[in-house]
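Chemist: Structure incoming, see below.
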Amino acid sequence: MKNSINNAFKLAKSEDRPALISYTVCGDNTKDKSLRILNSISKHLDIVEWGIPHNCPTADGKDIQNSSYRALQNGIRLNDIFSLVKKFKKTKSSKPIILMGYYQMIFNFGEKKFIQKCKASGVDGLIVVDLSFPDNKNFAKLCKKNSICFVQLIAPTTTVKRMKEIIKSSHEMIYMISTISTTGSALKYSIKRIIKNFNVIKKIKPSKNVVIGFGITEKTISNLRSADGLVVGSAICREITRSLKDRQNPVTNVSKLVRKLKNKII
Amino acid sequence: MIKLRKKTPLIDQHDKFGFYGNKFGGNFCAETMRKPIEDLSKLFEKLRKDRKFLKKRDHYFKYYLGGETPFFKLENLTRYLGGAQIWCKDVSAINGDAHKAYHATVNALICKESGKRYIAGDTGAGMFGKNLAMAAKKMNLKCKIFMGTKDISRQAPNVKFMRDAGAEVVPVDSGSKTLVDAVSECMRHYVSNCDNTHLAVGSAIGCNIFLKICAWSTSQISRELKKQLIKEFGEIPKLKLINVIGGGSSALGFWNEFIDYDKKHVELIGVEAKYAAPLSTNAKVAILHGAAQYCLTDKEGQIAETHSLSAGLDYPGSSPLHGLLKDSGRARYTNASDKEALAAFKLITKLEDIRPSLEPAHAWSECIRLAPKLKKSDVLVVNNCGKGYKDKKIYIEQLGYYPK
């Protein structure tokens, strides 16, 4: 599915709503459970993101750290992640899946081998948190060659000059970080200011799909519905943590949460 | 093999992406951090050429940190081991008790220049934390120190010092609860507060600019040593410079002025803790805390846990600059166990008046191994980079006593 990410945005646009994108950690809290969660929530989602857990996640807040920790405790490995992606794609072949992680995991595995594995298992896109522009130029090219969307990030600290360069080398999706923070903290800026930043990016290249992430929760999501897409990560990871703590089924609880999120933007 | 460039400071031997020898370093960080570190790089490059700033730095080094640290021969130890002459560059005599004082002071000065009012740093042994807390107080900055909970309990005297100086000590309870987790948490804090906070990374690690600032600051040690050697010997004699390596900030400072010398003339020897020894045990290159470096990992690429009695050495990575020195063959690296470090402390303190902390005790251990095999004309200099009081409790637990 070469353009499945673009198609997902088109579909959302045709329904006059932002695309809804989830982030969960692959292997949280077990391999099987994380796949069941993804299968169950994906019906409410346009794109799914799966985190590759790493034990030195310098840009993640507590919620995603907890998820990664659980996944690693249960022995998740990169090869498991690829086979889980394959399993997911078997039943949801048209649902775009993006892997998100830290560069160390890719570097250790080998860039080329990593991308080949992504391609073979059906990964549609990649987000590498700590491989920022311009250091990611070669890797992004390698992705493109293999029909994988490399998602560039833009932060509130990114200057307009740099933004233009990043957008120029970006593929079909761009990830805008809402606020100066790690994942999962409260929004520091007003909604107005976030939308303003979003519009600056859109104005440079209107055809790019720009999604907003970091600090998106049940409370904030409907106010940001003018974005092309919205990513909810920590709020979902937090729900998994809560469910496990209360000995409830995370699959049904997370599903309920994602359905609620969806209802807020339609 | 990587070749070093002569007459170019070691810290400046990187390409435009911040890589040394195409292999070590770089800027592996979140997009949010890019602009702040670029601003910091520009500021640092300006300040290091700015006469007024250098004068201010020298003033602080002289009057606030107490000026030149002593250099002397250990007559008893030399006689006892019966080989090379053993000399001590006693950096622990600085106000602040360790080489981290230089680095902390410079960071506080840079923070002041940047106009930021908050400064945050990580610490393992507490030496950097303590010195940063002191410098922040002196310069009227608000200071946060991130420290693993295991280290908070084993380096309690330094924690008390930090709190007394008015710094907030943030306990880090994730992972191994040691330095590696403290650095991660401190970087997260920076990602979230980079608009008003200056990040002072505790060693010569992290994105390019952080390791540059660190090694530039500690190089004061070798500037002094060079003068002291010439005063003592009339020239730079045939030398071996032995230094402990955790992240590697003290060694880089101790060696900086001697990099261009032939290694047969000035040999550089780094000593790691045995179970935290990426440079001396052929670890792979990995990305940790923003830079490519020799680092202990498992097969999957996850960062490995380390074990050392010494909190300052309990770290899986190493400075990218040490990767460069290793791969260029300029420095060689070995390691010492907890037991060997303790035995070295025992011998040194029996024969001499110095009281090294656990970190330099590792360097002393290598000195003790090496000296008997060498000739009288050989000169061994050890960087005694930290004072032992902070480890008093550990020494008493392990040895049954702490010397007067």
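Here, A, B, ... name the chains of the structure tokens in the order displayed, residue numbers run from 1 inside each chain, and ligands are numbered from 1 in the same displayed order.
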Identify all residues of range 298-345 of chain B in strand (DSSP E) (DSSP on the backbone) and supply them as number ranges by chain.
Modeler: B: 331-336
Chemist: Quick one: write out the picked residues with N, CA and C atoms as a JSON list (two decimals), in the first residue's frame?
Modeler:
```json
[["chain", "number", "residue", "atom", "x", "y", "z"],
["B", 331, "ALA", "N", 45.52, 7.35, 23.09],
["B", 331, "ALA", "CA", 45.44, 6.98, 24.51],
["B", 331, "ALA", "C", 45.18, 5.48, 24.60],
["B", 332, "ARG", "N", 45.59, 4.88, 25.70],
["B", 332, "ARG", "CA", 45.18, 3.48, 25.91],
["B", 332, "ARG", "C", 44.36, 3.37, 27.19],
["B", 333, "TYR", "N", 43.52, 2.36, 27.21],
["B", 333, "TYR", "CA", 42.55, 2.26, 28.30],
["B", 333, "TYR", "C", 42.63, 0.90, 28.97],
["B", 334, "THR", "N", 42.54, 0.93, 30.29],
["B", 334, "THR", "CA", 42.56, -0.30, 31.06],
["B", 334, "THR", "C", 41.50, -0.15, 32.16],
["B", 335, "ASN", "N", 41.39, -1.11, 33.05],
["B", 335, "ASN", "CA", 40.42, -0.96, 34.13],
["B", 335, "ASN", "C", 40.92, -1.53, 35.43],
["B", 336, "ALA", "N", 40.23, -1.18, 36.50],
["B", 336, "ALA", "CA", 40.57, -1.68, 37.83],
["B", 336, "ALA", "C", 39.27, -2.04, 38.55]]
```
Chemist: Check every residue of chain A for an atom within 7 Å of chain B, counting only C-alpha atoms, and provide those that qualify as an mmCIF file with C-alpha atoms, in the first residue's frame.
Modeler:
```
data_model
loop_
_atom_site.group_PDB
_atom_site.id
_atom_site.type_symbol
_atom_site.label_atom_id
_atom_site.label_comp_id
_atom_site.auth_asym_id
_atom_site.auth_seq_id
_atom_site.Cartn_x
_atom_site.Cartn_y
_atom_site.Cartn_z
ATOM 1 C CA HIS A 54 14.168 1.767 24.590
ATOM 2 C CA ASN A 55 15.540 1.948 28.114
ATOM 3 C CA CYS A 56 17.055 5.440 27.768
ATOM 4 C CA THR A 58 15.309 11.019 26.805
ATOM 5 C CA ALA A 59 12.247 12.680 25.264
ATOM 6 C CA ARG A 77 12.759 -7.564 20.923
ATOM 7 C CA GLN A 104 20.021 3.688 18.952
ATOM 8 C CA MET A 105 17.622 0.803 18.259
ATOM 9 C CA ASN A 108 22.282 -1.203 16.616
ATOM 10 C CA VAL A 129 12.704 10.962 17.903
ATOM 11 C CA ASP A 130 16.387 11.813 18.185
ATOM 12 C CA LEU A 131 17.402 11.819 14.535
ATOM 13 C CA SER A 132 16.558 15.376 13.654
ATOM 14 C CA LEU A 153 9.293 16.726 13.443
ATOM 15 C CA ILE A 154 8.837 20.432 14.016
ATOM 16 C CA ALA A 155 8.971 21.918 17.519
ATOM 17 C CA PRO A 156 7.883 25.265 18.981
ATOM 18 C CA THR A 157 11.587 26.158 19.096
ATOM 19 C CA THR A 158 12.104 25.512 15.366
ATOM 20 C CA ILE A 180 8.087 22.653 24.808
ATOM 21 C CA SER A 181 7.996 19.408 26.754
ATOM 22 C CA THR A 182 8.544 15.694 26.822
#
```
Chemist: Residues within 8 Å of Lys89 in chain B, please, as a list in words. Count only C-alpha atoms; anything in the same chain fewer than 3 positions from it doesn't count.
Modeler: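 The neighbour list is Thr69, Pro70, Phe71, Phe72, Leu225, Val381, Val382, Asn383 and Asn384 of chain B.
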Chemist: Could you list, as JSON, numbers by chain, every residue within 6 Å of Gly125 in chain A, counting only C-alpha atoms and ignoring same-chain residues fewer than 5 positions away?
Modeler: {"A": [98, 148, 149, 150]}
Chemist: At a cut-off of 12 Å, using only C-alpha atoms, what residues contact Lys137 in chain B? Leave out same-chain residues fewer than 4 positions from it and give the result as a list in words.
Modeler: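 My reading of the contact set: Ala104, Thr105, Ala108, Leu109, Lys112, Arg117, Tyr118, Ile119, Lys130, Asn131, Leu132, Ala133, Leu141, Lys142, Cys143, Lys144, Phe161, Met162, Arg163, Asp164, Ala165, Gly166, Ala167 and Glu168 of chain B.
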Chemist: Between B:Pro360, B:Gly25, B:Gly67, B:Gly400, which one has atoms that come closest to Asn243 in chain B, using only C-alpha atoms?
Modeler: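 For Asn243 in chain B, the nearest of the candidates is B:Pro360.
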Chemist: Record the distance separating CA of Thr149 in chain B and CA of Val172 in chain B, expressed in Å with one decimal.
Modeler: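 CA of Val172 in chain B lies 5.6 Å from CA of Thr149 in chain B.
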Chemist: What's around Ser222 in chain B at 10 Å? Count only C-alpha atoms, leave out sequence neighbours fewer than 2 positions away in its own chain, and write the answer as an MDAnalysis selection string.
Modeler: chainID B and resid 89 218:220 224:228 250:258 383
Chemist: Choose the residue, out of B:Gly386, B:Gly21, B:Gly96, B:Gly83, that has the smallest atom-to-atom separation from Ser310 in chain B; count only C-alpha atoms.
Modeler: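 Smallest distance to Ser310 in chain B is found for B:Gly386.
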Chemist: Could you give me, as a list in words, the residues within 9 Å of Lys262 in chain A, counting only C-alpha atoms and dropping anything in the same chain fewer than 5 positions from it?
Modeler: Leu20, His44, Leu45 and Leu257 of chain A
Chemist: When you count only C-alpha atoms, which of these residues is closest to Ser170 in chain A: A:Gly184, A:Gly101, A:Pro134, A:Gly122?
Modeler: A:Pro134
Chemist: Run DSSP on the backbone of this structure and report the residues of range 64-205 of chain B it assigns to helix (DSSP H, G or I), as JSON, numbers by chain.
Modeler: {"B": [64, 75, 76, 77, 78, 79, 80, 81, 91, 92, 93, 100, 101, 102, 103, 104, 105, 106, 107, 108, 109, 110, 111, 112, 113, 114, 127, 128, 129, 130, 131, 132, 133, 134, 135, 136, 137, 138, 149, 150, 151, 152, 153, 154, 156, 157, 158, 159, 160, 161, 162, 163, 164, 179, 180, 181, 182, 183, 184, 185, 186, 187, 188, 189, 190, 191, 192, 193]}
